[in-house]
file protein_19.txt (compact mmCIF, C-alpha atoms)
# COMPACT_ATOMS: atom_id res chain seq x y z
CA MET A 1 -178.95 30.49 -61.40
CA LYS A 2 -180.48 33.94 -61.84
CA ARG A 3 -183.45 32.99 -59.65
CA LEU A 4 -181.13 31.67 -56.97
CA LEU A 5 -179.13 34.88 -57.06
CA ILE A 6 -182.28 37.00 -56.66
CA THR A 7 -183.49 34.83 -53.76
CA VAL A 8 -180.15 35.12 -52.00
CA LEU A 9 -180.15 38.87 -52.57
CA LEU A 10 -183.66 39.27 -51.19
CA LEU A 11 -182.88 37.13 -48.15
CA SER A 12 -179.73 39.18 -47.53
CA LEU A 13 -181.73 42.38 -47.71
CA LEU A 14 -184.29 41.03 -45.25
CA TRP A 15 -181.51 40.04 -42.91
CA ILE A 16 -179.61 43.35 -43.21
CA SER A 17 -182.47 45.86 -43.15
CA PRO A 18 -183.45 46.92 -39.63
CA PRO A 19 -187.01 46.10 -38.55
CA THR A 20 -188.03 49.74 -38.10
CA GLY A 21 -191.32 49.08 -36.32
CA VAL A 22 -189.68 46.82 -33.78
CA ALA A 23 -186.77 49.22 -33.28
CA LYS A 24 -189.11 52.07 -32.50
CA SER A 25 -191.11 50.13 -29.95
CA ASP A 26 -187.99 48.69 -28.39
CA ASP A 27 -186.38 51.91 -27.23
CA PHE A 28 -187.01 50.63 -23.72
CA SER A 29 -184.61 47.70 -24.23
CA THR A 30 -182.10 49.98 -25.94
CA VAL A 31 -182.02 52.31 -22.94
CA VAL A 32 -181.60 49.34 -20.60
CA LYS A 33 -178.66 48.21 -22.73
CA VAL A 34 -177.15 51.72 -22.63
CA ILE A 35 -177.23 51.62 -18.80
CA GLU A 36 -175.72 48.13 -18.73
CA ASP A 37 -172.92 49.08 -21.09
CA PHE A 38 -172.11 52.43 -19.52
CA TYR A 39 -172.16 51.33 -15.88
CA ASP A 40 -171.20 47.70 -16.42
CA VAL A 41 -174.27 46.43 -14.55
CA LYS A 42 -176.95 43.82 -15.21
CA HIS A 43 -180.69 44.33 -14.91
CA LYS A 44 -183.35 42.08 -13.45
CA SER A 45 -187.09 42.09 -13.75
CA LEU A 46 -188.92 42.36 -10.46
CA PRO A 47 -191.03 39.25 -9.84
CA PHE A 48 -194.70 39.77 -9.08
CA LEU A 49 -194.44 38.40 -5.52
CA ALA A 50 -191.71 40.88 -4.71
CA ARG A 51 -193.78 43.72 -6.11
CA ALA A 52 -196.77 42.64 -4.08
CA GLY A 53 -194.78 43.29 -0.91
CA ILE A 54 -193.98 46.87 -1.82
CA LYS A 55 -196.21 49.44 -0.21
CA THR A 56 -198.43 51.69 -2.27
CA GLY A 57 -196.70 54.83 -3.46
CA THR A 58 -197.64 58.08 -1.80
CA ALA A 59 -196.65 60.44 -4.61
CA ALA A 60 -199.11 58.84 -7.01
CA ALA A 61 -201.82 59.07 -4.39
CA ARG A 62 -201.14 62.72 -3.69
CA LEU A 63 -201.07 63.68 -7.35
CA SER A 64 -204.23 61.80 -8.17
CA GLY A 65 -206.19 63.57 -5.48
CA GLY A 66 -205.71 61.67 -2.24
CA VAL A 67 -207.12 58.29 -3.19
CA ARG A 68 -204.67 56.09 -5.02
CA LYS A 69 -205.71 55.66 -8.61
CA ARG A 70 -203.77 53.78 -11.25
CA LEU A 71 -201.86 56.12 -13.53
CA ALA A 72 -200.70 53.75 -16.26
CA GLU A 73 -203.08 52.25 -18.78
CA ALA A 74 -203.70 48.57 -18.08
CA GLY A 75 -201.08 46.25 -19.55
CA SER A 76 -198.82 49.06 -20.67
CA VAL A 77 -196.14 48.86 -17.99
CA LYS A 78 -192.59 47.72 -18.61
CA VAL A 79 -190.21 47.74 -15.66
CA VAL A 80 -186.59 46.76 -15.26
CA PHE A 81 -184.59 47.07 -12.04
CA PHE A 82 -180.93 47.20 -11.21
CA GLU A 83 -180.37 46.38 -7.55
CA ASP A 84 -177.35 46.45 -5.28
CA GLN A 85 -174.89 47.36 -8.01
CA GLU A 86 -172.52 50.27 -8.28
CA PHE A 87 -173.50 53.20 -10.47
CA ASN A 88 -170.37 55.27 -10.69
CA SER A 89 -169.75 57.29 -13.83
CA LYS A 90 -166.40 58.50 -12.41
CA GLY A 91 -167.30 62.09 -13.24
CA GLY A 92 -168.82 61.16 -16.57
CA ILE A 93 -172.46 61.78 -15.73
CA ALA A 94 -172.70 64.26 -18.62
CA ASN A 95 -171.48 61.54 -21.00
CA PHE A 96 -174.18 59.19 -19.80
CA ARG A 97 -176.78 61.88 -20.24
CA ALA A 98 -175.58 62.51 -23.77
CA ARG A 99 -175.69 58.77 -24.52
CA VAL A 100 -179.30 58.39 -23.33
CA THR A 101 -180.47 61.58 -25.02
CA THR A 102 -178.83 60.67 -28.32
CA THR A 103 -180.33 57.18 -28.20
CA LEU A 104 -183.86 58.57 -28.00
CA ALA A 105 -183.36 61.74 -30.04
CA GLY A 106 -185.98 62.42 -32.70
CA LYS A 107 -188.38 59.83 -31.34
CA TRP A 108 -188.91 60.94 -27.75
CA LEU A 109 -189.23 64.43 -26.29
CA PRO A 110 -186.74 64.95 -23.44
CA PHE A 111 -189.32 66.36 -21.04
CA ILE A 112 -187.31 66.68 -17.85
CA GLN A 113 -183.83 65.68 -16.77
CA VAL A 114 -182.56 66.07 -13.20
CA LEU A 115 -178.94 65.19 -12.51
CA SER A 116 -176.93 65.33 -9.34
CA ALA A 117 -173.29 64.63 -10.08
CA VAL A 118 -172.33 64.45 -6.38
CA ASP A 119 -174.47 61.44 -5.49
CA GLU A 120 -174.87 60.09 -9.06
CA ALA A 121 -178.65 60.58 -8.82
CA GLN A 122 -180.34 61.02 -12.19
CA THR A 123 -183.93 61.12 -13.40
CA TYR A 124 -184.83 61.29 -17.08
CA ILE A 125 -188.39 61.53 -18.35
CA PHE A 126 -189.08 61.18 -22.07
CA LEU A 127 -192.47 61.49 -23.78
CA ARG A 128 -193.80 60.15 -27.06
CA ASP A 129 -197.15 60.04 -28.85
CA ALA A 130 -198.98 56.72 -28.80
CA GLY A 131 -202.08 57.45 -30.86
CA PRO A 132 -204.50 59.36 -28.63
CA LYS A 133 -202.37 58.46 -25.59
CA TYR A 134 -198.79 59.12 -24.55
CA MET A 135 -195.88 56.88 -23.75
CA VAL A 136 -193.62 57.93 -20.91
CA LEU A 137 -190.16 56.52 -20.32
CA VAL A 138 -188.63 57.14 -16.89
CA VAL A 139 -185.00 56.35 -16.14
CA THR A 140 -183.97 56.66 -12.49
CA ILE A 141 -180.43 56.08 -11.30
CA GLU A 142 -178.99 56.28 -7.80
CA LYS A 143 -175.68 55.17 -6.32
CA ARG A 144 -176.67 51.53 -5.74
CA GLU A 145 -179.86 51.05 -7.74
CA ALA A 146 -181.65 52.08 -10.90
CA SER A 147 -184.87 51.47 -12.77
CA VAL A 148 -186.29 51.93 -16.24
CA VAL A 149 -190.07 52.25 -16.48
CA GLN A 150 -192.20 52.68 -19.58
CA VAL A 151 -195.93 53.31 -19.31
CA THR A 152 -198.76 54.51 -21.50
CA LEU A 153 -200.79 57.33 -20.01
CA ALA A 154 -204.14 58.82 -20.87
CA PRO A 155 -203.84 62.50 -21.89
CA GLN A 156 -205.59 63.73 -18.73
CA THR A 157 -203.23 61.71 -16.52
CA LEU A 158 -200.19 63.12 -18.30
CA ALA A 159 -201.62 66.64 -18.05
CA MET A 160 -202.06 66.21 -14.30
CA LEU A 161 -198.52 64.89 -13.80
CA MET A 162 -196.96 67.59 -15.99
CA GLN A 163 -197.93 70.32 -13.56
CA ASP A 164 -195.39 68.99 -11.10
CA PRO A 165 -192.54 67.53 -13.18
CA ASP A 166 -190.37 67.05 -10.08
CA GLU A 167 -192.84 64.50 -8.69
CA MET A 168 -193.73 62.94 -12.04
CA GLY A 169 -190.93 60.36 -12.15
CA LYS A 170 -191.58 59.20 -8.59
CA ALA A 171 -195.32 58.93 -9.20
CA ILE A 172 -194.84 56.83 -12.33
CA ASN A 173 -192.25 54.62 -10.63
CA ASP A 174 -194.56 54.06 -7.64
CA ASP A 175 -197.43 53.24 -9.95
CA ALA A 176 -195.39 50.84 -12.08
CA ILE A 177 -194.09 48.95 -9.04
CA ASN A 178 -197.62 48.47 -7.77
CA ASN A 179 -199.13 47.68 -11.13
CA ASP A 180 -200.01 44.01 -11.38
CA ASP A 181 -200.65 44.16 -15.13
CA GLN A 182 -196.95 44.37 -15.83
CA GLU A 183 -195.78 42.75 -19.03
CA MET B 1 -164.37 70.08 -63.11
CA ASN B 2 -166.88 69.74 -65.98
CA GLY B 3 -169.80 72.16 -66.55
CA ARG B 4 -172.40 69.76 -65.18
CA SER B 5 -170.61 69.24 -61.84
CA GLU B 6 -170.11 72.98 -61.52
CA VAL B 7 -173.85 73.61 -61.93
CA SER B 8 -174.63 70.87 -59.40
CA LEU B 9 -172.16 72.39 -56.94
CA LYS B 10 -173.68 75.84 -57.35
CA LEU B 11 -177.19 74.45 -56.87
CA ALA B 12 -176.11 72.58 -53.76
CA SER B 13 -174.48 75.75 -52.34
CA LEU B 14 -177.63 77.73 -53.07
CA ALA B 15 -179.78 75.10 -51.37
CA LEU B 16 -177.51 75.16 -48.30
CA LEU B 17 -177.62 78.95 -48.17
CA LEU B 18 -181.41 78.92 -48.42
CA PHE B 19 -181.65 76.25 -45.72
CA PHE B 20 -179.41 78.04 -43.22
CA GLY B 21 -180.97 81.39 -44.08
CA ALA B 22 -184.45 80.03 -43.41
CA ALA B 23 -183.31 78.45 -40.15
CA ALA B 24 -181.77 81.73 -38.97
CA THR B 25 -184.92 83.66 -39.89
CA ALA B 26 -187.12 81.14 -38.11
CA ARG B 27 -185.03 81.49 -34.96
CA ALA B 28 -185.03 85.28 -35.19
CA GLN B 29 -188.81 85.36 -35.44
CA THR B 30 -189.39 83.15 -32.43
CA ALA B 31 -188.36 83.84 -28.89
CA ARG B 32 -186.50 80.54 -28.60
CA VAL B 33 -183.04 81.02 -27.18
CA ALA B 34 -180.30 78.42 -27.64
CA MET B 35 -179.30 77.07 -24.23
CA ASP B 36 -177.58 73.79 -25.09
CA GLN B 37 -174.18 75.47 -24.95
CA LEU B 38 -174.64 75.56 -21.16
CA ASP B 39 -174.92 71.78 -20.91
CA LYS B 40 -171.18 71.50 -20.34
CA LEU B 41 -171.78 73.06 -16.90
CA GLY B 42 -173.60 69.86 -15.94
CA ALA B 43 -170.24 68.18 -15.38
CA LYS B 44 -169.37 70.71 -12.64
CA ALA B 45 -172.86 71.23 -11.19
CA SER B 46 -174.01 69.49 -8.04
CA GLN B 47 -177.51 69.47 -9.51
CA THR B 48 -178.84 70.13 -13.00
CA VAL B 49 -182.48 70.46 -14.00
CA ASP B 50 -183.47 70.64 -17.65
CA VAL B 51 -187.14 71.05 -18.60
CA ASN B 52 -188.49 71.08 -22.17
CA ILE B 53 -192.21 71.57 -22.69
CA ASP B 54 -193.29 72.23 -26.26
CA GLU B 55 -196.51 73.84 -27.45
CA ARG B 56 -198.34 70.54 -27.85
CA MET B 57 -197.58 69.57 -24.26
CA ILE B 58 -198.60 72.96 -22.93
CA GLN B 59 -201.90 72.86 -24.73
CA LEU B 60 -202.47 69.33 -23.50
CA ALA B 61 -201.94 70.48 -19.92
CA ALA B 62 -204.16 73.52 -20.45
CA LYS B 63 -206.94 71.38 -21.88
CA PHE B 64 -207.20 69.31 -18.71
CA LEU B 65 -206.80 72.07 -16.16
CA SER B 66 -209.98 72.60 -14.17
CA SER B 67 -212.34 75.39 -15.12
CA LYS B 68 -213.74 75.42 -11.56
CA ASP B 69 -210.70 75.47 -9.30
CA PRO B 70 -209.71 79.17 -9.07
CA ASP B 71 -205.96 78.40 -8.98
CA GLU B 72 -206.15 76.14 -12.02
CA VAL B 73 -208.31 78.66 -13.87
CA LYS B 74 -205.55 81.26 -13.42
CA VAL B 75 -202.85 78.88 -14.66
CA LYS B 76 -205.05 77.83 -17.58
CA GLU B 77 -205.44 81.46 -18.62
CA VAL B 78 -201.69 81.98 -18.46
CA VAL B 79 -200.61 78.88 -20.35
CA THR B 80 -203.21 79.08 -23.08
CA GLY B 81 -201.41 80.56 -26.06
CA LEU B 82 -197.90 79.71 -24.84
CA LYS B 83 -195.70 77.96 -27.35
CA GLY B 84 -192.96 76.56 -25.18
CA ILE B 85 -191.38 76.51 -21.72
CA TYR B 86 -187.67 75.73 -21.48
CA VAL B 87 -185.79 75.80 -18.19
CA LYS B 88 -182.21 75.08 -17.19
CA VAL B 89 -181.04 75.22 -13.58
CA PHE B 90 -177.46 74.57 -12.48
CA GLU B 91 -176.55 74.43 -8.77
CA PHE B 92 -172.91 74.36 -7.77
CA GLU B 93 -171.17 73.40 -4.52
CA SER B 94 -168.61 76.16 -4.80
CA GLU B 95 -168.42 79.59 -6.36
CA GLY B 96 -166.89 80.40 -9.72
CA GLU B 97 -167.97 77.25 -11.55
CA TYR B 98 -169.59 79.19 -14.38
CA THR B 99 -168.09 82.16 -16.17
CA VAL B 100 -169.11 85.51 -17.60
CA ALA B 101 -168.77 83.88 -21.02
CA ASP B 102 -171.51 81.41 -20.10
CA LEU B 103 -173.85 84.29 -19.28
CA ALA B 104 -172.74 86.13 -22.40
CA SER B 105 -173.73 83.16 -24.55
CA ILE B 106 -177.34 83.85 -23.52
CA ARG B 107 -177.17 87.66 -23.43
CA SER B 108 -175.67 87.85 -26.91
CA GLN B 109 -178.85 86.35 -28.34
CA LEU B 110 -180.94 89.06 -26.72
CA THR B 111 -179.30 92.06 -28.34
CA THR B 112 -181.59 92.28 -31.38
CA PRO B 113 -184.13 95.15 -31.47
CA ALA B 114 -186.96 92.68 -30.82
CA TRP B 115 -185.60 92.04 -27.32
CA SER B 116 -185.63 94.57 -24.51
CA ARG B 117 -184.45 94.21 -20.96
CA ILE B 118 -186.92 95.11 -18.23
CA VAL B 119 -184.91 97.23 -15.87
CA ASN B 120 -187.19 97.66 -12.89
CA VAL B 121 -187.22 94.10 -11.64
CA LYS B 122 -185.63 92.51 -8.61
CA SER B 123 -185.78 89.19 -6.86
CA LYS B 124 -186.17 88.47 -3.17
CA LYS B 125 -183.58 85.77 -3.72
CA GLU B 126 -179.87 86.54 -3.59
CA GLY B 127 -177.97 87.32 -6.74
CA GLY B 128 -178.74 89.12 -9.95
CA ILE B 129 -181.79 88.76 -12.10
CA GLU B 130 -182.29 89.89 -15.69
CA VAL B 131 -185.61 89.72 -17.49
CA TYR B 132 -185.86 90.22 -21.24
CA LEU B 133 -189.07 90.55 -23.25
CA MET B 134 -189.42 89.97 -26.96
CA THR B 135 -192.06 92.00 -28.72
CA ASN B 136 -193.37 91.57 -32.25
CA ALA B 137 -195.15 94.79 -33.20
CA THR B 138 -197.68 95.06 -30.35
CA GLN B 139 -197.54 91.48 -29.11
CA ILE B 140 -195.19 89.89 -26.62
CA GLY B 141 -193.42 87.02 -28.34
CA GLY B 142 -191.62 85.61 -25.36
CA LEU B 143 -189.51 86.09 -22.30
CA VAL B 144 -186.11 85.13 -20.94
CA VAL B 145 -185.11 85.17 -17.29
CA LEU B 146 -181.43 84.92 -16.44
CA ALA B 147 -180.95 84.52 -12.70
CA SER B 148 -177.46 84.10 -11.36
CA ASP B 149 -175.87 83.94 -7.97
CA PRO B 150 -172.39 82.64 -7.16
CA LYS B 151 -173.60 79.08 -6.74
CA GLU B 152 -176.60 78.94 -9.05
CA LEU B 153 -177.49 79.74 -12.64
CA VAL B 154 -181.09 79.69 -13.90
CA VAL B 155 -182.29 80.32 -17.44
CA VAL B 156 -186.02 80.34 -18.19
CA ASN B 157 -187.23 80.79 -21.77
CA ILE B 158 -190.97 81.07 -22.34
CA LEU B 159 -192.33 81.38 -25.86
CA GLY B 160 -195.60 83.15 -26.50
CA PRO B 161 -197.59 85.96 -24.89
CA VAL B 162 -196.26 86.14 -21.35
CA ASP B 163 -195.45 89.05 -19.09
CA LEU B 164 -194.08 89.41 -15.57
CA GLU B 165 -197.47 89.04 -13.94
CA LYS B 166 -198.13 85.82 -15.82
CA LEU B 167 -194.62 84.58 -15.08
CA SER B 168 -195.18 84.99 -11.34
CA GLN B 169 -198.27 82.81 -11.62
CA LEU B 170 -196.26 80.11 -13.34
CA GLU B 171 -193.49 80.03 -10.72
CA GLY B 172 -193.35 76.61 -9.12
CA GLN B 173 -195.27 75.01 -12.00
CA PHE B 174 -194.15 73.28 -15.21
CA GLY B 175 -190.59 73.11 -13.88
CA ILE B 176 -190.23 76.89 -13.49
CA PRO B 177 -188.41 77.57 -10.23
CA GLU B 178 -189.59 80.04 -7.60
CA LEU B 179 -187.82 83.18 -8.83
CA GLU B 180 -189.69 85.58 -6.53
CA ILE B 181 -189.54 88.35 -9.10
CA GLU B 182 -190.91 91.73 -8.06
CA VAL B 183 -191.37 94.87 -10.07
CA ARG B 184 -189.46 97.73 -8.42
CA LYS B 185 -191.51 100.84 -7.77
CA PRO B 186 -190.04 103.96 -9.37
CA LYS B 187 -188.36 106.30 -6.88
CA GLN B 188 -190.36 109.41 -6.10
CA LYS B 189 -188.69 112.71 -6.85
CA ASN B 190 -188.53 115.33 -4.09
call {"tool": "encode", "arguments": {"input": "protein_19.txt", "output": "structure tokens"}}
result
Amino acid sequence: MKRLLITVLLLSLLWISPPTGVAKSDDFSTVVKVIEDFYDVKHKSLPFLARAGIKTGTAAARLSGGVRKRLAEAGSVKVVFFEDQEFNSKGGIANFRARVTTTLAGKWLPFIQVLSAVDEAQTYIFLRDAGPKYMVLVVTIEKREASVVQVTLAPQTLAMLMQDPDEMGKAINDDAINNDDQE
Amino acid sequence: MNGRSEVSLKLASLALLLFFGAAATARAQTARVAMDQLDKLGAKASQTVDVNIDERMIQLAAKFLSSKDPDEVKVKEVVTGLKGIYVKVFEFESEGEYTVADLASIRSQLTTPAWSRIVNVKSKKEGGIEVYLMTNATQIGGLVVLASDPKELVVVNILGPVDLEKLSQLEGQFGIPELEIEVRKPKQKN
């Protein structure tokens, strides 16, 4: 009876306790869920064939010195799109910002946030250590579409992008869309 | 309340006092200015930009700046030694969206003896500009720029050894807007 009780207790603990490692690496999914809940929208992953039709990004090319060079480390890209849906915070853009920032607080550095309440345009870039490299999470929202991109960057790539934070989100988005190693 | 609980309560109070005291001292010794109280303006602003670059990020950027390109060499010299760059920009569609109290929430942190306002500066841009320098003994500990016009409010807080000349080299980089700050020449006496 005692053994059974201990087993049940241990199993309960396993079931209750949050898998910390997984939670940390799954901030991407959490942010996607925050967008879905706040704006009442549903995401979709962009199929490879659709991505293949998208032209190469110019911002990435310009920032990497004229010739397009891949920014993200191979196999590190996660992308989720929201297409043809309404993103209207009804004046609550600050609440959404607070929600996203709170979700990632303590784990990710809020590097740059650009918000335009008039046209609901928002760009959030968060950074986090990933051993000798860096993970970058980019959330882009416009009136009818949005995307969440997570990539791992080499330190020199991040250093290059950091000089022009305004272009950083666009460059990473362009790169992720054109990256055929997507997970 | 028994004696044991009373001692525990006193110890807890002491620990809290020490914690908050240490936090206040740490803030006083650095040039970091609290700007989060301005975030509420985001709800009224047509555009908000918020940049946070800590020391680690600055040094990372500095490490990979070219030692051959003259422009990058200059920037590298400026950013080496910096401990943080924090920028908030609020643009409004109409006038009067921010108040004197919002500006005061920044200015009130710059009234300690460590901070001094540089008086002979102006900007080519419209509106007022205030530049404050923090000095620790002989070293510059940081800088705050408060630029305001009826439809825009900009706060730049740079931690570390930075002066006006260095600031002008950083304009347009690392999220620092083009402030077009100039040092006014002193008027000549007749």
call {"tool": "atom_distance", "arguments": {"input": "protein_19.txt", "atom1": "CA of Gly84 in chain B", "atom2": "CA of Lys40 in chain B"}}
result
22.9 Å
call {"tool": "atom_distance", "arguments": {"input": "protein_19.txt", "atom1": "CA of Leu38 in chain B", "atom2": "CA of Arg99 in chain A"}}
result
17.2 Å
call {"tool": "closest_residue", "arguments": {"input": "protein_19.txt", "among": "B:Ile106, B:Val183, B:Leu170, B:Ala114", "to": "Ala147 in chain B", "atoms": "all atoms listed in the file"}}
result
B:Ile106
call {"tool": "closest_residue", "arguments": {"input": "protein_19.txt", "among": "A:Thr123, A:Asn178, A:Ser147, A:Thr152", "to": "chain B", "atoms": "only C-alpha atoms"}}
result
A:Thr123
call {"tool": "closest_residue", "arguments": {"input": "protein_19.txt", "among": "B:Gln59, B:Thr135, B:Ser94, B:Thr30", "to": "chain A", "atoms": "all atoms listed in the file"}}
result
B:Gln59
call {"tool": "residues_around", "arguments": {"input": "protein_19.txt", "residues": "Glu73 in chain A", "least_positions_apart": "2", "cutoff": "10 Å", "atoms": "only C-alpha atoms", "output": "PyMOL selection string"}}
result
chain A and resi 70-71+75-77+133-135+151-154+157+179+181
call {"tool": "closest_atom_pairs", "arguments": {"input": "protein_19.txt", "of": "chain B", "to": "chain A", "cutoff": "6 Å", "atoms": "only C-alpha atoms", "output": "tab-separated table"}}
result
residue	atom	partner	partner_atom	distance
B:Ala43	CA	A:Ala94	CA	5.6
B:Ser46	CA	A:Ser116	CA	5.2
B:Gln47	CA	A:Ser116	CA	4.2
B:Thr48	CA	A:Leu115	CA	5.0
B:Val49	CA	A:Val114	CA	4.5
B:Asp50	CA	A:Gln113	CA	5.1
B:Val51	CA	A:Ile112	CA	4.4
B:Asn52	CA	A:Phe111	CA	4.9
B:Ala61	CA	A:Ala159	CA	4.3
B:Phe64	CA	A:Gln156	CA	5.8
B:Gln173	CA	A:Gln163	CA	5.6
B:Phe174	CA	A:Gln163	CA	5.1
B:Gly175	CA	A:Pro165	CA	6.0
call {"tool": "residues_near_point", "arguments": {"input": "protein_19.txt", "point": "(-188.8, 83.0, -24.3)", "cutoff": "9 Å", "atoms": "all atoms listed in the file", "output": "PyMOL selection string"}}
result
chain B and resi 30-33+84-86+132-134+141-145+156-160+162
call {"tool": "residues_around", "arguments": {"input": "protein_19.txt", "residues": "Phe82 in chain A", "least_positions_apart": "5", "cutoff": "12 Å", "atoms": "all atoms listed in the file", "output": "list of chain:residue names"}}
result
A:Val32, A:Lys33, A:Ile35, A:Glu36, A:Tyr39, A:Asp40, A:Val41, A:Lys42, A:His43, A:Lys44, A:Ser45, A:Leu46, A:Phe87, A:Val139, A:Thr140, A:Ile141, A:Glu142, A:Lys143, A:Arg144, A:Glu145, A:Ala146, A:Ser147, A:Val148, A:Val149
call {"tool": "write_last_selection", "arguments": {"input": "protein_19.txt", "atoms": "C-alpha atoms", "output": "PDB file, keeping the file's coordinate frame"}}
result
ATOM      1  CA  VAL A  32    -181.600  49.340 -20.600  1.00  0.00           C
ATOM      2  CA  LYS A  33    -178.660  48.210 -22.730  1.00  0.00           C
ATOM      3  CA  ILE A  35    -177.230  51.620 -18.800  1.00  0.00           C
ATOM      4  CA  GLU A  36    -175.720  48.130 -18.730  1.00  0.00           C
ATOM      5  CA  TYR A  39    -172.160  51.330 -15.880  1.00  0.00           C
ATOM      6  CA  ASP A  40    -171.200  47.700 -16.420  1.00  0.00           C
ATOM      7  CA  VAL A  41    -174.270  46.430 -14.550  1.00  0.00           C
ATOM      8  CA  LYS A  42    -176.950  43.820 -15.210  1.00  0.00           C
ATOM      9  CA  HIS A  43    -180.690  44.330 -14.910  1.00  0.00           C
ATOM     10  CA  LYS A  44    -183.350  42.080 -13.450  1.00  0.00           C
ATOM     11  CA  SER A  45    -187.090  42.090 -13.750  1.00  0.00           C
ATOM     12  CA  LEU A  46    -188.920  42.360 -10.460  1.00  0.00           C
ATOM     13  CA  PHE A  87    -173.500  53.200 -10.470  1.00  0.00           C
ATOM     14  CA  VAL A 139    -185.000  56.350 -16.140  1.00  0.00           C
ATOM     15  CA  THR A 140    -183.970  56.660 -12.490  1.00  0.00           C
ATOM     16  CA  ILE A 141    -180.430  56.080 -11.300  1.00  0.00           C
ATOM     17  CA  GLU A 142    -178.990  56.280  -7.800  1.00  0.00           C
ATOM     18  CA  LYS A 143    -175.680  55.170  -6.320  1.00  0.00           C
ATOM     19  CA  ARG A 144    -176.670  51.530  -5.740  1.00  0.00           C
ATOM     20  CA  GLU A 145    -179.860  51.050  -7.740  1.00  0.00           C
ATOM     21  CA  ALA A 146    -181.650  52.080 -10.900  1.00  0.00           C
ATOM     22  CA  SER A 147    -184.870  51.470 -12.770  1.00  0.00           C
ATOM     23  CA  VAL A 148    -186.290  51.930 -16.240  1.00  0.00           C
ATOM     24  CA  VAL A 149    -190.070  52.250 -16.480  1.00  0.00           C
TER      25      VAL A 149
END
call {"tool": "atom_distance", "arguments": {"input": "protein_19.txt", "atom1": "CA of Val87 in chain B", "atom2": "CA of Val79 in chain A"}}
result
28.5 Å
call {"tool": "closest_residue", "arguments": {"input": "protein_19.txt", "among": "A:Ser29, A:Asn88, A:Gln150, A:Thr101", "to": "Asp175 in chain A", "atoms": "only C-alpha atoms"}}
result
A:Gln150
call {"tool": "residues_around", "arguments": {"input": "protein_19.txt", "residues": "Val100 in chain A", "least_positions_apart": "3", "cutoff": "8 Å", "atoms": "only C-alpha atoms", "output": "short mmCIF file (atom, residue, chain, number, x, y, z; two decimals) with C-alpha atoms, in the coordinates of the input"}}
result
data_model
loop_
_atom_site.label_atom_id
_atom_site.label_comp_id
_atom_site.auth_asym_id
_atom_site.auth_seq_id
_atom_site.Cartn_x
_atom_site.Cartn_y
_atom_site.Cartn_z
CA VAL A 31 -182.02 52.31 -22.94
CA VAL A 34 -177.15 51.72 -22.63
CA PHE A 96 -174.18 59.19 -19.80
CA ARG A 97 -176.78 61.88 -20.24
CA THR A 103 -180.33 57.18 -28.20
CA LEU A 104 -183.86 58.57 -28.00
#
call {"tool": "residues_around", "arguments": {"input": "protein_19.txt", "residues": "Ala45 in chain B", "least_positions_apart": "4", "cutoff": "8 Å", "atoms": "all atoms listed in the file", "output": "PyMOL selection string"}}
result
(chain A and resi 116-117) or (chain B and resi 41+90-93+97)
call {"tool": "residues_around", "arguments": {"input": "protein_19.txt", "residues": "Leu179 in chain B", "least_positions_apart": "5", "cutoff": "9 Å", "atoms": "only C-alpha atoms", "output": "list in words"}}
result
Ser123, Lys124, Lys125, Ile129, Ala147, Ser168, Glu171 and Gly172 of chain B
call {"tool": "build_atoms", "arguments": {"input": "protein_19.txt", "residues": "range 152-161 of chain A", "atoms": "N, CA and C atoms", "output": "JSON list (two decimals), keeping the file's coordinate frame"}}
result
[["chain", "number", "residue", "atom", "x", "y", "z"],
["A", 152, "THR", "N", -197.89, 53.72, -20.63],
["A", 152, "THR", "CA", -198.76, 54.51, -21.50],
["A", 152, "THR", "C", -199.75, 55.23, -20.61],
["A", 153, "LEU", "N", -199.89, 56.52, -20.84],
["A", 153, "LEU", "CA", -200.79, 57.33, -20.01],
["A", 153, "LEU", "C", -201.90, 57.94, -20.86],
["A", 154, "ALA", "N", -203.05, 58.08, -20.24],
["A", 154, "ALA", "CA", -204.14, 58.82, -20.87],
["A", 154, "ALA", "C", -203.76, 60.30, -20.86],
["A", 155, "PRO", "N", -204.23, 61.09, -21.84],
["A", 155, "PRO", "CA", -203.84, 62.50, -21.89],
["A", 155, "PRO", "C", -204.12, 63.27, -20.60],
["A", 156, "GLN", "N", -205.27, 62.98, -19.96],
["A", 156, "GLN", "CA", -205.59, 63.73, -18.73],
["A", 156, "GLN", "C", -204.64, 63.38, -17.58],
["A", 157, "THR", "N", -204.17, 62.12, -17.56],
["A", 157, "THR", "CA", -203.23, 61.71, -16.52],
["A", 157, "THR", "C", -201.89, 62.41, -16.74],
["A", 158, "LEU", "N", -201.46, 62.45, -17.99],
["A", 158, "LEU", "CA", -200.19, 63.12, -18.30],
["A", 158, "LEU", "C", -200.30, 64.62, -17.96],
["A", 159, "ALA", "N", -201.42, 65.21, -18.33],
["A", 159, "ALA", "CA", -201.62, 66.64, -18.05],
["A", 159, "ALA", "C", -201.52, 66.92, -16.56],
["A", 160, "MET", "N", -202.10, 66.04, -15.75],
["A", 160, "MET", "CA", -202.06, 66.21, -14.30],
["A", 160, "MET", "C", -200.62, 66.10, -13.77],
["A", 161, "LEU", "N", -199.90, 65.10, -14.28],
["A", 161, "LEU", "CA", -198.52, 64.89, -13.80],
["A", 161, "LEU", "C", -197.58, 66.00, -14.25]]
